[in-house]
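**Student:** One file is attached below, structure.txt, containing compact mmCIF, C-alpha atoms.
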```txt
# COMPACT_ATOMS: atom_id res chain seq x y z
CA MET V 1 116.60 66.04 81.47
CA LEU V 2 117.61 65.59 85.07
CA LEU V 3 119.89 68.58 84.71
CA LEU V 4 116.98 70.70 83.47
CA LEU V 5 114.83 69.57 86.38
CA LEU V 6 117.57 70.44 88.84
CA GLY V 7 118.02 73.80 87.16
CA ILE V 8 114.33 74.63 87.46
CA LEU V 9 114.33 73.53 91.07
CA PHE V 10 117.41 75.60 91.77
CA LEU V 11 115.81 78.66 90.19
CA HIS V 12 112.67 78.19 92.24
CA ILE V 13 114.57 77.81 95.48
CA ALA V 14 116.71 80.82 94.63
CA VAL V 15 113.54 82.88 94.14
CA LEU V 16 112.20 81.60 97.44
CA VAL V 17 115.40 82.51 99.28
CA LEU V 18 115.40 85.97 97.71
CA LEU V 19 111.81 86.52 98.76
CA PHE V 20 112.46 85.36 102.30
CA VAL V 21 115.57 87.48 102.67
CA SER V 22 113.98 90.62 101.27
CA THR V 23 110.93 90.16 103.48
CA ILE V 24 112.86 89.62 106.68
CA VAL V 25 116.15 91.49 106.51
CA SER V 26 116.12 95.04 107.77
CA GLN V 27 117.86 96.64 104.83
CA TRP V 28 115.21 98.25 102.65
CA LEU V 29 116.50 101.73 103.32
CA VAL V 30 119.91 102.46 104.79
CA GLY V 31 121.38 105.74 105.90
CA ASN V 32 123.95 106.86 108.39
CA GLY V 33 123.03 104.86 111.43
CA HIS V 34 119.54 104.04 110.21
CA ARG V 35 118.28 100.75 108.89
CA THR V 36 114.68 100.40 107.90
CA ASP V 37 112.62 97.54 106.62
CA LEU V 38 109.01 96.58 106.42
CA TRP V 39 108.74 95.69 110.06
CA GLN V 40 110.97 97.90 112.11
CA ASN V 41 113.01 101.03 112.13
CA CYS V 42 116.44 100.69 113.67
CA THR V 43 118.84 103.40 114.71
CA THR V 44 122.40 102.71 115.75
CA SER V 45 123.88 105.26 118.09
CA ALA V 46 127.02 107.15 117.14
CA LEU V 47 129.20 104.82 119.19
CA GLY V 48 127.82 101.87 117.28
CA ALA V 49 127.24 99.89 120.42
CA VAL V 50 123.59 100.44 121.17
CA GLN V 51 120.86 99.73 118.71
CA HIS V 52 117.34 101.02 119.10
CA CYS V 53 114.59 99.42 117.12
CA TYR V 54 110.99 100.41 117.14
CA SER V 55 108.17 99.06 115.05
CA SER V 56 107.48 100.79 111.78
CA SER V 57 104.61 103.17 111.32
CA VAL V 58 101.26 101.59 110.68
CA SER V 59 100.39 103.49 107.51
CA GLU V 60 98.16 101.67 105.06
CA TRP V 61 100.65 101.57 102.21
CA LEU V 62 103.32 99.92 104.37
CA GLN V 63 100.81 97.33 105.48
CA SER V 64 99.95 96.56 101.89
CA VAL V 65 103.66 96.19 101.08
CA GLN V 66 103.97 93.76 103.99
CA ALA V 67 100.89 91.90 102.83
CA THR V 68 102.05 91.53 99.23
CA MET V 69 105.50 90.37 100.33
CA ILE V 70 103.93 87.74 102.58
CA LEU V 71 101.61 86.72 99.76
CA SER V 72 104.50 86.31 97.34
CA VAL V 73 106.27 84.03 99.82
CA ILE V 74 103.08 82.04 100.32
CA PHE V 75 102.47 81.70 96.59
CA SER V 76 106.05 80.68 95.90
CA VAL V 77 106.03 78.02 98.63
CA LEU V 78 102.67 76.79 97.36
CA SER V 79 104.08 76.66 93.86
CA LEU V 80 107.05 74.57 94.97
CA PHE V 81 104.71 72.21 96.77
CA LEU V 82 102.42 71.93 93.75
CA PHE V 83 105.43 71.32 91.51
CA PHE V 84 106.35 68.23 93.49
CA CYS V 85 102.74 67.11 93.48
CA GLN V 86 102.45 67.55 89.73
CA LEU V 87 105.82 65.95 89.12
CA PHE V 88 104.45 62.67 90.36
CA THR V 89 100.80 62.88 89.36
CA LEU V 90 100.86 64.64 86.01
CA THR V 91 100.25 62.58 82.88
CA LYS V 92 103.13 62.33 80.43
CA GLY V 93 103.38 65.38 78.23
CA GLY V 94 101.24 67.49 80.55
CA ARG V 95 102.17 71.03 81.51
CA PHE V 96 102.73 72.46 84.98
CA TYR V 97 100.00 75.06 84.62
CA ILE V 98 98.99 75.45 88.27
CA THR V 99 102.60 75.56 89.45
CA GLY V 100 103.44 78.18 86.87
CA VAL V 101 100.37 80.28 87.62
CA PHE V 102 101.23 80.43 91.32
CA GLN V 103 104.85 81.27 90.62
CA ILE V 104 103.79 84.09 88.28
CA LEU V 105 101.39 85.33 90.97
CA ALA V 106 104.31 85.38 93.43
CA GLY V 107 106.28 87.42 90.93
CA LEU V 108 103.44 89.88 90.45
CA CYS V 109 103.01 90.21 94.22
CA VAL V 110 106.66 91.03 94.83
CA MET V 111 106.55 93.47 91.94
CA SER V 112 103.59 95.31 93.40
CA ALA V 113 105.23 95.37 96.84
CA ALA V 114 108.45 96.85 95.49
CA ALA V 115 106.54 99.28 93.29
CA ILE V 116 104.37 100.55 96.15
CA TYR V 117 107.47 100.94 98.30
CA THR V 118 109.31 102.83 95.60
CA VAL V 119 106.47 105.27 95.10
CA ARG V 120 105.49 105.87 98.69
CA HIS V 121 108.63 105.59 100.81
CA SER V 122 109.55 109.25 100.25
CA GLU V 123 106.71 110.42 102.47
CA TRP V 124 108.07 108.32 105.28
CA HIS V 125 111.26 110.23 105.98
CA VAL V 126 112.11 113.84 105.45
CA ASN V 127 115.86 114.06 105.15
CA ASN V 128 117.64 112.79 102.07
CA ASP V 129 120.52 110.84 103.58
CA TYR V 130 118.90 107.53 102.67
CA SER V 131 119.69 105.03 99.98
CA TYR V 132 118.13 101.74 99.05
CA GLY V 133 119.45 98.72 100.90
CA PHE V 134 120.19 95.30 99.47
CA ALA V 135 116.90 93.76 100.61
CA TYR V 136 115.04 96.23 98.42
CA ILE V 137 117.23 95.35 95.44
CA LEU V 138 116.79 91.63 96.12
CA ALA V 139 113.04 92.15 95.98
CA TRP V 140 113.37 93.70 92.54
CA VAL V 141 115.70 90.87 91.44
CA ALA V 142 113.23 88.29 92.69
CA PHE V 143 110.48 89.67 90.47
CA PRO V 144 111.93 88.80 87.02
CA LEU V 145 113.33 85.52 88.32
CA ALA V 146 109.95 84.47 89.67
CA LEU V 147 108.30 85.49 86.43
CA LEU V 148 110.91 83.57 84.43
CA SER V 149 110.54 80.44 86.48
CA GLY V 150 106.74 80.68 86.23
CA ILE V 151 106.90 81.00 82.47
CA ILE V 152 109.29 78.02 82.28
CA TYR V 153 106.77 75.98 84.26
CA VAL V 154 103.98 76.92 81.87
CA ILE V 155 106.02 76.23 78.74
CA LEU V 156 107.69 72.97 79.77
CA ARG V 157 105.95 69.69 79.21
CA LYS V 158 106.51 66.69 81.37
CA ARG V 159 108.86 64.23 79.73
CA GLU V 160 107.12 61.98 77.26
CA MET M 1 107.46 56.30 146.95
CA ALA M 2 109.17 59.07 145.04
CA PRO M 3 107.48 58.46 141.66
CA GLY M 4 104.07 58.41 143.31
CA ALA M 5 104.36 61.89 144.76
CA PRO M 6 104.39 63.97 141.55
CA SER M 7 101.51 62.08 140.01
CA SER M 8 99.29 62.73 143.01
CA SER M 9 99.95 66.47 143.07
CA PRO M 10 97.70 67.48 140.14
CA SER M 11 94.61 65.89 141.63
CA PRO M 12 93.99 68.53 144.36
CA ILE M 13 94.35 71.25 141.72
CA LEU M 14 91.86 69.47 139.52
CA ALA M 15 89.51 69.06 142.44
CA ALA M 16 89.83 72.74 143.27
CA LEU M 17 89.12 73.68 139.65
CA LEU M 18 86.10 71.43 139.57
CA PHE M 19 84.91 72.86 142.86
CA SER M 20 85.32 76.44 141.70
CA SER M 21 83.64 75.84 138.38
CA LEU M 22 80.71 73.99 139.92
CA VAL M 23 80.16 75.83 143.17
CA LEU M 24 81.71 79.27 142.92
CA SER M 25 80.58 80.33 139.45
CA PRO M 26 76.86 80.82 140.31
CA THR M 27 77.85 83.57 142.72
CA LEU M 28 79.51 85.45 139.82
CA ALA M 29 76.11 85.62 138.32
CA ILE M 30 76.15 88.68 136.12
CA VAL M 31 78.86 89.36 133.57
CA VAL M 32 78.98 92.63 131.66
CA TYR M 33 80.57 92.94 128.24
CA THR M 34 81.82 96.08 126.52
CA ASP M 35 84.45 96.82 123.92
CA ARG M 36 87.86 97.44 125.34
CA GLU M 37 88.63 100.51 123.26
CA VAL M 38 86.54 102.74 121.03
CA TYR M 39 87.84 105.26 118.51
CA GLY M 40 85.95 108.31 117.38
CA ALA M 41 86.62 111.31 115.20
CA VAL M 42 86.08 114.86 116.46
CA GLY M 43 82.51 116.02 115.85
CA SER M 44 81.24 112.56 114.99
CA GLN M 45 79.33 110.16 117.18
CA VAL M 46 80.33 106.92 118.80
CA THR M 47 78.30 104.01 120.15
CA LEU M 48 79.32 102.53 123.47
CA HIS M 49 78.08 98.96 123.42
CA CYS M 50 77.18 97.20 126.63
CA SER M 51 75.65 93.77 126.99
CA PHE M 52 75.54 91.23 129.76
CA TRP M 53 75.03 87.60 130.59
CA SER M 54 72.87 86.67 133.53
CA SER M 55 71.70 83.37 134.89
CA GLU M 56 68.30 84.91 135.64
CA TRP M 57 65.61 86.09 133.28
CA VAL M 58 65.64 89.76 132.38
CA SER M 59 63.51 91.35 135.06
CA ASP M 60 61.45 94.53 134.94
CA ASP M 61 63.67 96.12 137.57
CA ILE M 62 66.76 95.90 135.38
CA SER M 63 69.01 98.90 135.59
CA PHE M 64 71.98 100.12 133.55
CA THR M 65 74.42 102.69 134.84
CA TRP M 66 77.13 104.42 132.79
CA ARG M 67 79.91 106.19 134.62
CA TYR M 68 82.60 108.37 133.13
CA GLN M 69 86.11 108.93 134.36
CA PRO M 70 88.06 111.59 132.45
CA GLU M 71 91.56 110.79 131.27
CA GLY M 72 93.86 111.55 134.16
CA GLY M 73 90.91 112.30 136.44
CA ARG M 74 90.49 110.47 139.68
CA ASP M 75 86.80 110.19 140.40
CA ALA M 76 84.13 108.79 138.14
CA ILE M 77 80.82 110.59 137.67
CA SER M 78 77.54 108.99 136.78
CA ILE M 79 76.37 110.18 133.39
CA PHE M 80 73.51 107.91 132.48
CA HIS M 81 71.02 105.74 134.26
CA TYR M 82 68.32 103.41 133.05
CA ALA M 83 65.79 102.06 135.54
CA LYS M 84 62.17 100.91 135.54
CA GLY M 85 61.93 101.23 131.77
CA GLN M 86 63.01 104.88 131.73
CA PRO M 87 66.36 106.38 130.70
CA TYR M 88 67.67 109.19 132.89
CA ILE M 89 70.48 111.44 131.76
CA ASP M 90 72.31 113.01 134.66
CA GLU M 91 72.30 116.80 134.67
CA VAL M 92 75.98 117.04 135.49
CA GLY M 93 79.06 116.79 133.36
CA THR M 94 79.67 117.58 129.74
CA PHE M 95 77.51 114.85 128.29
CA LYS M 96 74.05 115.91 129.41
CA GLU M 97 72.85 116.99 125.96
CA ARG M 98 74.88 114.55 123.91
CA ILE M 99 73.82 111.15 125.21
CA GLN M 100 71.22 109.06 123.46
CA TRP M 101 69.84 105.77 124.72
CA VAL M 102 69.84 103.12 122.00
CA GLY M 103 69.70 99.99 124.13
CA ASP M 104 66.92 97.47 124.58
CA PRO M 105 66.77 95.60 127.89
CA SER M 106 64.85 92.67 126.41
CA TRP M 107 67.81 92.05 124.10
CA LYS M 108 70.24 92.48 127.04
CA ASP M 109 71.54 95.62 125.40
CA GLY M 110 72.46 98.77 127.33
CA SER M 111 74.23 100.75 124.63
CA ILE M 112 74.41 104.52 124.47
CA VAL M 113 75.47 106.91 121.73
CA ILE M 114 77.55 110.00 122.42
CA HIS M 115 77.17 112.74 119.84
CA ASN M 116 79.48 115.55 118.81
CA LEU M 117 82.71 114.17 120.24
CA ASP M 118 85.43 116.46 121.49
CA TYR M 119 89.04 115.87 122.56
CA SER M 120 87.99 116.47 126.15
CA ASP M 121 85.81 113.35 126.02
CA ASN M 122 88.86 111.05 126.21
CA GLY M 123 88.40 108.80 129.16
CA THR M 124 87.01 105.60 130.55
CA PHE M 125 83.34 104.69 130.52
CA THR M 126 82.07 102.03 132.88
CA CYS M 127 78.93 100.02 132.30
CA ASP M 128 77.21 98.50 135.29
CA VAL M 129 74.17 96.24 135.02
CA LYS M 130 71.88 95.08 137.83
CA ASN M 131 69.29 92.47 137.01
CA PRO M 132 67.53 91.76 140.32
CA PRO M 133 67.87 89.36 141.99
CA ASP M 134 71.11 89.12 140.05
CA ILE M 135 73.04 92.14 141.29
CA VAL M 136 76.49 90.83 142.09
CA GLY M 137 78.96 91.02 139.27
CA LYS M 138 81.83 92.81 137.69
CA THR M 139 81.46 96.01 135.73
CA SER M 140 83.09 96.46 132.34
CA GLN M 141 85.10 99.40 131.08
CA VAL M 142 85.55 100.91 127.65
CA THR M 143 88.14 103.56 126.87
CA LEU M 144 87.25 106.26 124.37
CA TYR M 145 89.94 107.84 122.21
CA VAL M 146 89.02 110.87 120.16
CA PHE M 147 91.13 111.55 117.08
CA GLU M 148 91.12 114.14 114.37
CA LYS M 149 91.01 111.28 111.87
CA VAL M 150 90.25 107.78 113.05
CA PRO M 151 93.30 105.58 112.39
CA THR M 152 92.89 102.11 111.00
CA ARG M 153 94.12 99.62 113.49
CA TYR M 154 97.35 97.80 112.71
CA GLY M 155 96.80 94.59 110.82
CA VAL M 156 93.44 95.53 109.35
CA VAL M 157 94.85 96.42 105.93
CA LEU M 158 97.43 93.63 106.17
CA GLY M 159 94.81 91.03 106.91
CA ALA M 160 92.38 92.42 104.38
CA VAL M 161 94.93 92.37 101.55
CA ILE M 162 96.22 88.89 102.33
CA GLY M 163 92.78 87.45 102.93
CA GLY M 164 91.26 89.18 99.94
CA ILE M 165 93.88 88.11 97.43
CA LEU M 166 94.06 84.55 98.75
CA GLY M 167 90.27 84.36 98.66
CA VAL M 168 90.06 85.65 95.11
CA VAL M 169 92.77 83.24 93.93
CA LEU M 170 91.11 80.27 95.61
CA LEU M 171 87.74 81.29 94.18
CA LEU M 172 89.15 81.57 90.67
CA LEU M 173 90.86 78.21 91.02
CA LEU M 174 87.65 76.62 92.22
CA LEU M 175 85.69 78.22 89.39
CA PHE M 176 88.25 77.04 86.85
CA TYR M 177 88.09 73.46 88.05
CA LEU M 178 84.31 73.55 88.20
CA ILE M 179 84.07 74.77 84.63
CA ARG M 180 86.61 72.21 83.46
CA TYR M 181 84.75 69.46 85.27
CA CYS M 182 81.45 70.47 83.66
CA TRP M 183 83.13 70.72 80.27
CA LEU M 184 84.68 67.26 80.57
CA ARG M 185 81.37 65.77 81.61
CA ARG M 186 79.62 67.36 78.66
CA GLN M 187 82.36 66.15 76.37
CA ALA M 188 82.05 62.62 77.71
CA ALA M 189 78.29 62.66 77.27
CA LEU M 190 78.68 63.91 73.69
CA GLN M 191 81.23 61.20 73.00
CA ARG M 192 78.92 58.55 74.33
CA ARG M 193 76.06 59.82 72.20
CA LEU M 194 78.28 59.91 69.11
CA SER M 195 79.55 56.40 69.62
CA ALA M 196 75.98 55.22 70.09
CA MET M 197 75.05 56.91 66.82
CA GLU M 198 77.97 55.27 65.07
CA LYS M 199 76.91 51.88 66.34
CA GLY M 200 73.42 52.52 65.06
CA LYS M 201 74.84 53.58 61.71
CA PHE M 202 76.45 50.19 61.10
CA HIS M 203 73.11 48.53 61.42
CA LYS M 204 71.49 50.84 58.92
CA SER M 205 72.22 51.08 55.22
CA SER M 206 75.15 53.14 53.95
CA LYS M 207 72.91 55.44 51.85
CA ASP M 208 71.05 56.59 54.90
CA SER M 209 74.25 57.46 56.72
CA SER M 210 75.69 59.47 53.84
CA LYS M 211 72.49 61.51 53.65
CA ARG M 212 72.56 62.25 57.34
CA GLY M 213 76.26 63.04 57.21
CA ARG M 214 75.55 66.27 55.32
CA GLN M 215 73.48 67.65 58.15
CA THR M 216 75.47 66.45 61.15
CA PRO M 217 77.95 68.81 62.85
CA VAL M 218 81.68 68.84 62.38
CA LEU M 219 82.39 66.58 65.31
CA TYR M 220 80.40 63.83 63.68
CA ALA M 221 82.51 64.06 60.55
CA MET M 222 85.60 63.67 62.67
CA LEU M 223 84.52 60.25 63.85
CA ASP M 224 83.25 59.15 60.46
CA HIS M 225 86.10 56.99 59.24
CA SER M 226 84.18 55.21 56.50
CA ARG M 227 84.13 58.21 54.18
CA SER M 228 87.23 59.00 52.13
CA THR M 229 86.13 62.02 50.10
CA LYS M 230 88.08 65.25 50.09
CA ALA M 231 85.35 67.25 51.75
CA ALA M 232 85.22 64.85 54.64
CA SER M 233 88.98 65.03 55.24
CA GLU M 234 88.78 68.81 55.29
CA LYS M 235 86.03 68.69 57.84
CA LYS M 236 88.02 66.20 59.83
CA SER M 237 91.04 68.42 60.10
CA LYS M 238 88.87 71.37 61.11
CA GLY M 239 87.22 69.31 63.79
CA LEU M 240 90.52 68.13 65.17
CA GLY M 241 91.85 71.64 65.27
CA GLU M 242 88.87 72.84 67.21
CA SER M 243 89.09 70.08 69.73
CA ARG M 244 92.75 70.81 70.31
CA LYS M 245 91.94 74.44 70.92
CA ASP M 246 89.37 73.46 73.47
CA LYS M 247 91.77 71.28 75.35
CA LYS M 248 94.03 74.23 75.93
```
Starting from the file, give its structure as C-alpha cells.
**Tutor:**
Amino acid sequence: MLLLLLGILFLHIAVLVLLFVSTIVSQWLVGNGHRTDLWQNCTTSALGAVQHCYSSSVSEWLQSVQATMILSVIFSVLSLFLFFCQLFTLTKGGRFYITGVFQILAGLCVMSAAAIYTVRHSEWHVNNDYSYGFAYILAWVAFPLALLSGIIYVILRKRE
Amino acid sequence: MAPGAPSSSPSPILAALLFSSLVLSPTLAIVVYTDREVYGAVGSQVTLHCSFWSSEWVSDDISFTWRYQPEGGRDAISIFHYAKGQPYIDEVGTFKERIQWVGDPSWKDGSIVIHNLDYSDNGTFTCDVKNPPDIVGKTSQVTLYVFEKVPTRYGVVLGAVIGGILGVVLLLLLLFYLIRYCWLRRQAALQRRLSAMEKGKFHKSSKDSSKRGRQTPVLYAMLDHSRSTKAASEKKSKGLGESRKDKK
C-alpha cells in the first residue's frame, strides 16, 4: 500500500516537473541558431559566443498558450496540495475526487496549450528550418501522464 | 556613542517628510489626471480623458486647456479651450473640425473626443486645468498612437484566460459544494422525519402500519424492518440501490 502511495506521488511529481520544465525552458522550437519558447526568442550568433534574446511576439494565441501552461502548473500544484489534505482528512474508503478533478484539469490545460501551439506556430516563422524542441515534446508527454494520474486519483479509494 | 548615531539619523528624514506632507502639499493644490497612452484605429474616434483633484470647490471660472505636440515636433499648439462655461475650438491645426467636447466641469471632467483619426495625429496631448483660486499645479500628458488595427496590450489575453478559467473552476466548485450541502441537509431532515414516523408506528397497532406501508414511498420501505414479505425485500433492495446512486 505504501508502495502504491509512493508510486502515485512519484507520478504526480513527475508530471509537475514536466510541466515546469516545458513552461520555462526555451526549447519549444529549435533551428540553426534559434531557440524559441513561450516567453522569448533567442538567436545565437554564428560564432556561438553571443546570444540575443528578445521577448516573443504578443499575439493572442501565444498568450493563451502561456495562460494555459500557467494554469496547468497551478492546477497540478493545487492538486498535490489537495492530495495531502485529503490524505489526512478523508474518511476511510473515500475517493480523492477533488484531487483527481484538478489533476485532470491540469492535463486538459496542457493539452490545449500544446494543441494551440501545434496549430498556430507555423504563422510565426516563415522559413522551414525549424523543428520541435524537447520542451514541446515534454508538454505532450505531460498530458497523458497528468490524465493518468488524475484518473488513478478518482478510481482509488482510501485504504479501509 | 557609535550605536546611537545610526538610530538618530532617520528622525530628520521623518521630520522632513512630515513637514513636506503637512505644509508643502497645499501649495500643490491642483492635480490633473489623464491616461498615459491611448490607442486608436485609423478613421475611428478616441476619447482623451482628463480629470483633476482640487482642494477648492469647482468654481464658475474653471478652465480646461488641451495642447497638442506632434510626434517629433518641438512646439505645442493649443487646440481646445474651455472657459466660462463655453468650449472654444482653436481655428488652427488639423483638429479644428474633429474635436468634440464631452466633459462636464461639475463632475471634474474635461474630456474631449477626436474624430476620424489619422496617422498624422500621433503625438502628445496635454491637459491643463485652472480652478481659480486654485491655479498652481502640474499638467498631465497623454500620448496618442494611431494604428491600422488596435493591438491588444500584452497580458490582457493572458490575464483574461487565467482569470476566467480559475473563476469558472472556483464557481463550479462552490456550486457543487452548495448543492451537496443542500442535498445532505434535505437528506438529514428526511431521515429525521422517517425515524419520527417509525417511532410513532411502534405506538400504534401493527394493522395500521401495514395499511400505510402500501402508500408510503420506497425510502420508507427501506427502513421498515418488521416486514419480511417478498415484496418488501424487493422494495428494500431498490431503495438501497437508489440511495447508493445518489451518494455518487
**Student:** Give as a list in words every residue of chain V that touches chain M within 7 Å, counting only C-alpha atoms.
**Tutor:**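 Every residue meeting the condition is included here: Val58, Glu60, Gln63, Ser64, Gln66, Ala67 and Leu71 of chain V.
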**Student:** Identify the residues within 12 Å of coordinate (117.1, 78.7, 88.6) (same frame as the file), considering all atoms listed in the file, and give the answer as a PDB file with C-alpha atoms, in the coordinates of the input.
**Tutor:**
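Result file follows (out.pdb):
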```pdb
ATOM      1  CA  LEU V   3     119.890  68.580  84.710  1.00  0.00           C
ATOM      2  CA  LEU V   4     116.980  70.700  83.470  1.00  0.00           C
ATOM      3  CA  LEU V   5     114.830  69.570  86.380  1.00  0.00           C
ATOM      4  CA  LEU V   6     117.570  70.440  88.840  1.00  0.00           C
ATOM      5  CA  GLY V   7     118.020  73.800  87.160  1.00  0.00           C
ATOM      6  CA  ILE V   8     114.330  74.630  87.460  1.00  0.00           C
ATOM      7  CA  LEU V   9     114.330  73.530  91.070  1.00  0.00           C
ATOM      8  CA  PHE V  10     117.410  75.600  91.770  1.00  0.00           C
ATOM      9  CA  LEU V  11     115.810  78.660  90.190  1.00  0.00           C
ATOM     10  CA  HIS V  12     112.670  78.190  92.240  1.00  0.00           C
ATOM     11  CA  ILE V  13     114.570  77.810  95.480  1.00  0.00           C
ATOM     12  CA  ALA V  14     116.710  80.820  94.630  1.00  0.00           C
ATOM     13  CA  VAL V  15     113.540  82.880  94.140  1.00  0.00           C
ATOM     14  CA  LEU V  16     112.200  81.600  97.440  1.00  0.00           C
ATOM     15  CA  VAL V  17     115.400  82.510  99.280  1.00  0.00           C
ATOM     16  CA  LEU V  18     115.400  85.970  97.710  1.00  0.00           C
ATOM     17  CA  ALA V 142     113.230  88.290  92.690  1.00  0.00           C
ATOM     18  CA  PRO V 144     111.930  88.800  87.020  1.00  0.00           C
ATOM     19  CA  LEU V 145     113.330  85.520  88.320  1.00  0.00           C
ATOM     20  CA  ALA V 146     109.950  84.470  89.670  1.00  0.00           C
ATOM     21  CA  LEU V 147     108.300  85.490  86.430  1.00  0.00           C
ATOM     22  CA  LEU V 148     110.910  83.570  84.430  1.00  0.00           C
ATOM     23  CA  SER V 149     110.540  80.440  86.480  1.00  0.00           C
ATOM     24  CA  GLY V 150     106.740  80.680  86.230  1.00  0.00           C
ATOM     25  CA  ILE V 152     109.290  78.020  82.280  1.00  0.00           C
ATOM     26  CA  TYR V 153     106.770  75.980  84.260  1.00  0.00           C
TER      27      TYR V 153
END
```
**Student:** With the cut-off set at 10 Å and counting all atoms listed in the file, tabulate each residue of region 102-124 of chain V with an atom at most that distance from an atom of region 27-38 of chain V, showing the nearest atom pair and its distance in Å to one decimal, ordered by chain and increasing number, as CSV.
**Tutor:**
```
residue,atom,partner,partner_atom,distance
V:Ala114,CA,V:Trp28,CA,9.9
V:Tyr117,CA,V:Trp28,CA,9.3
V:His121,CA,V:Leu29,CA,9.1
```
**Student:** In Å, with one decimal, what is the gap from CA of Phe88 (chain V) to CA of Leu2 (chain V)?
**Tutor:**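 Straight-line distance from CA of Phe88 (chain V) to CA of Leu2 (chain V) works out to 14.5 Å.
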**Student:** With distances taken over all atoms listed in the file, which residue among V:Ser122, V:Ser26, V:Ser112, V:Thr43 lies nearest Ser72 (chain V)?
**Tutor:**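 Answer, going by the shortest atom-to-atom distance: V:Ser112.
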**Student:** Need the neighbours of (102.3, 82.5, 90.7): which residues are at most 7 Å away, counting only C-alpha atoms, as a list in words?
**Tutor:**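 Output of the proximity query reads Phe75, Ser76, Ser79, Gly100, Val101, Phe102, Gln103, Ile104, Leu105, Ala106, Gly107 and Gly150 of chain V.
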**Student:** Expressed in Å to a single decimal, how great is the separation between CA of Gly94 (chain V) and CA of Val154 (chain V)?
**Tutor:**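 For CA of Gly94 (chain V) relative to CA of Val154 (chain V), the distance reads 9.9 Å.
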**Student:** So that all listed atoms of region 13-22 of chain V fit with 3 Å spare on each side, what axis-aligned box centre and edge lengths in Å, to one decimal, would you give as JSON?
**Tutor:**
```
{"center_x": 114.3, "center_y": 84.2, "center_z": 98.4, "size_x": 10.9, "size_y": 18.8, "size_z": 14.5}
```
**Student:** Work out how far CA of Phe95 (chain M) is from CA of Phe125 (chain M), in Å to one decimal.
**Tutor:** 11.9 Å
**Student:** Counting only C-alpha atoms, figure out which residue out of M:Tyr33, M:Phe80, M:Tyr145, M:Tyr39 gets nearest to Ile112 (chain M).
**Tutor:** M:Phe80
**Student:** For a quick check of understanding, using only C-alpha atoms, which of M:Lys96, M:Lys108, M:His81, M:Lys149 has the smallest distance to His49 (chain M)?
**Tutor:**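 When distances to His49 (chain M) are compared using only C-alpha atoms, the smallest one comes from M:Lys108.
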**Student:** Pick from M:Ile79, M:Leu48, M:Val58, M:Val38: nearest to Asp134 (chain M), with all atoms listed in the file counted?
**Tutor:**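 Closest residue, counting all atoms listed in the file: M:Val58.
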**Student:** If we count only C-alpha atoms and set the cut-off at 8 Å, which residues sit around Val129 (chain M), ignoring sequence neighbours fewer than 2 positions away in its own chain? Please answer as number ranges by chain.
**Tutor:** M: 30, 32, 52, 62-65, 127, 131, 135, 139
**Student:** Pick the closest to Gly110 (chain M) from M:Leu184, M:Val92, M:Val142, M:Cys50: which is it, counting all atoms listed in the file?
**Tutor:**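 Between M:Leu184, M:Val92, M:Val142, M:Cys50, the residue approaching Gly110 (chain M) most closely is M:Cys50.
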**Student:** Which of these, M:Lys84, M:Ser59, M:Leu172, M:Thr47, has the shortest distance to Gly103 (chain M) once you count only C-alpha atoms?
**Tutor:**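 Under the stated criterion, the closest residue is M:Thr47.
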**Student:** Give me the residues within 7 Å of Val110 (chain V) as a list in words, counting all atoms listed in the file and dropping any in the same chain fewer than 5 places off.
**Tutor:**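 Here the answer would be Thr68, Met69, Ser72, Ala139 and Phe143 of chain V.
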**Student:** Because some atoms of region 108-116 of chain M are absent here, can you restore N, CA, C and O atoms and send them as a PDB file, keeping the file's coordinate frame?
**Tutor:**
```pdb
ATOM      1  N   LYS M 108      69.061  92.390 126.164  1.00  0.00           N
ATOM      2  CA  LYS M 108      70.240  92.480 127.040  1.00  0.00           C
ATOM      3  C   LYS M 108      71.234  93.500 126.506  1.00  0.00           C
ATOM      4  O   LYS M 108      72.438  93.263 126.459  1.00  0.00           O
ATOM      5  N   ASP M 109      70.711  94.612 126.048  1.00  0.00           N
ATOM      6  CA  ASP M 109      71.540  95.620 125.400  1.00  0.00           C
ATOM      7  C   ASP M 109      71.391  96.934 126.141  1.00  0.00           C
ATOM      8  O   ASP M 109      70.277  97.430 126.316  1.00  0.00           O
ATOM      9  N   GLY M 110      72.492  97.487 126.621  1.00  0.00           N
ATOM     10  CA  GLY M 110      72.460  98.770 127.330  1.00  0.00           C
ATOM     11  C   GLY M 110      73.348  99.797 126.673  1.00  0.00           C
ATOM     12  O   GLY M 110      74.064 100.517 127.352  1.00  0.00           O
ATOM     13  N   SER M 111      73.302  99.875 125.346  1.00  0.00           N
ATOM     14  CA  SER M 111      74.230 100.750 124.630  1.00  0.00           C
ATOM     15  C   SER M 111      73.743 102.195 124.632  1.00  0.00           C
ATOM     16  O   SER M 111      72.538 102.468 124.656  1.00  0.00           O
ATOM     17  N   ILE M 112      74.721 103.107 124.613  1.00  0.00           N
ATOM     18  CA  ILE M 112      74.410 104.520 124.470  1.00  0.00           C
ATOM     19  C   ILE M 112      75.241 105.090 123.335  1.00  0.00           C
ATOM     20  O   ILE M 112      76.267 104.536 122.954  1.00  0.00           O
ATOM     21  N   VAL M 113      74.736 106.205 122.785  1.00  0.00           N
ATOM     22  CA  VAL M 113      75.470 106.910 121.730  1.00  0.00           C
ATOM     23  C   VAL M 113      75.870 108.269 122.279  1.00  0.00           C
ATOM     24  O   VAL M 113      75.065 108.937 122.930  1.00  0.00           O
ATOM     25  N   ILE M 114      77.100 108.667 122.034  1.00  0.00           N
ATOM     26  CA  ILE M 114      77.550 110.000 122.420  1.00  0.00           C
ATOM     27  C   ILE M 114      77.789 110.798 121.146  1.00  0.00           C
ATOM     28  O   ILE M 114      78.553 110.374 120.256  1.00  0.00           O
ATOM     29  N   HIS M 115      77.080 111.930 121.044  1.00  0.00           N
ATOM     30  CA  HIS M 115      77.170 112.740 119.840  1.00  0.00           C
ATOM     31  C   HIS M 115      78.220 113.832 119.997  1.00  0.00           C
ATOM     32  O   HIS M 115      78.593 114.189 121.102  1.00  0.00           O
ATOM     33  N   ASN M 116      78.642 114.367 118.859  1.00  0.00           N
ATOM     34  CA  ASN M 116      79.480 115.550 118.810  1.00  0.00           C
ATOM     35  C   ASN M 116      80.710 115.437 119.715  1.00  0.00           C
ATOM     36  O   ASN M 116      80.892 116.196 120.659  1.00  0.00           O
TER      37      ASN M 116
END
```
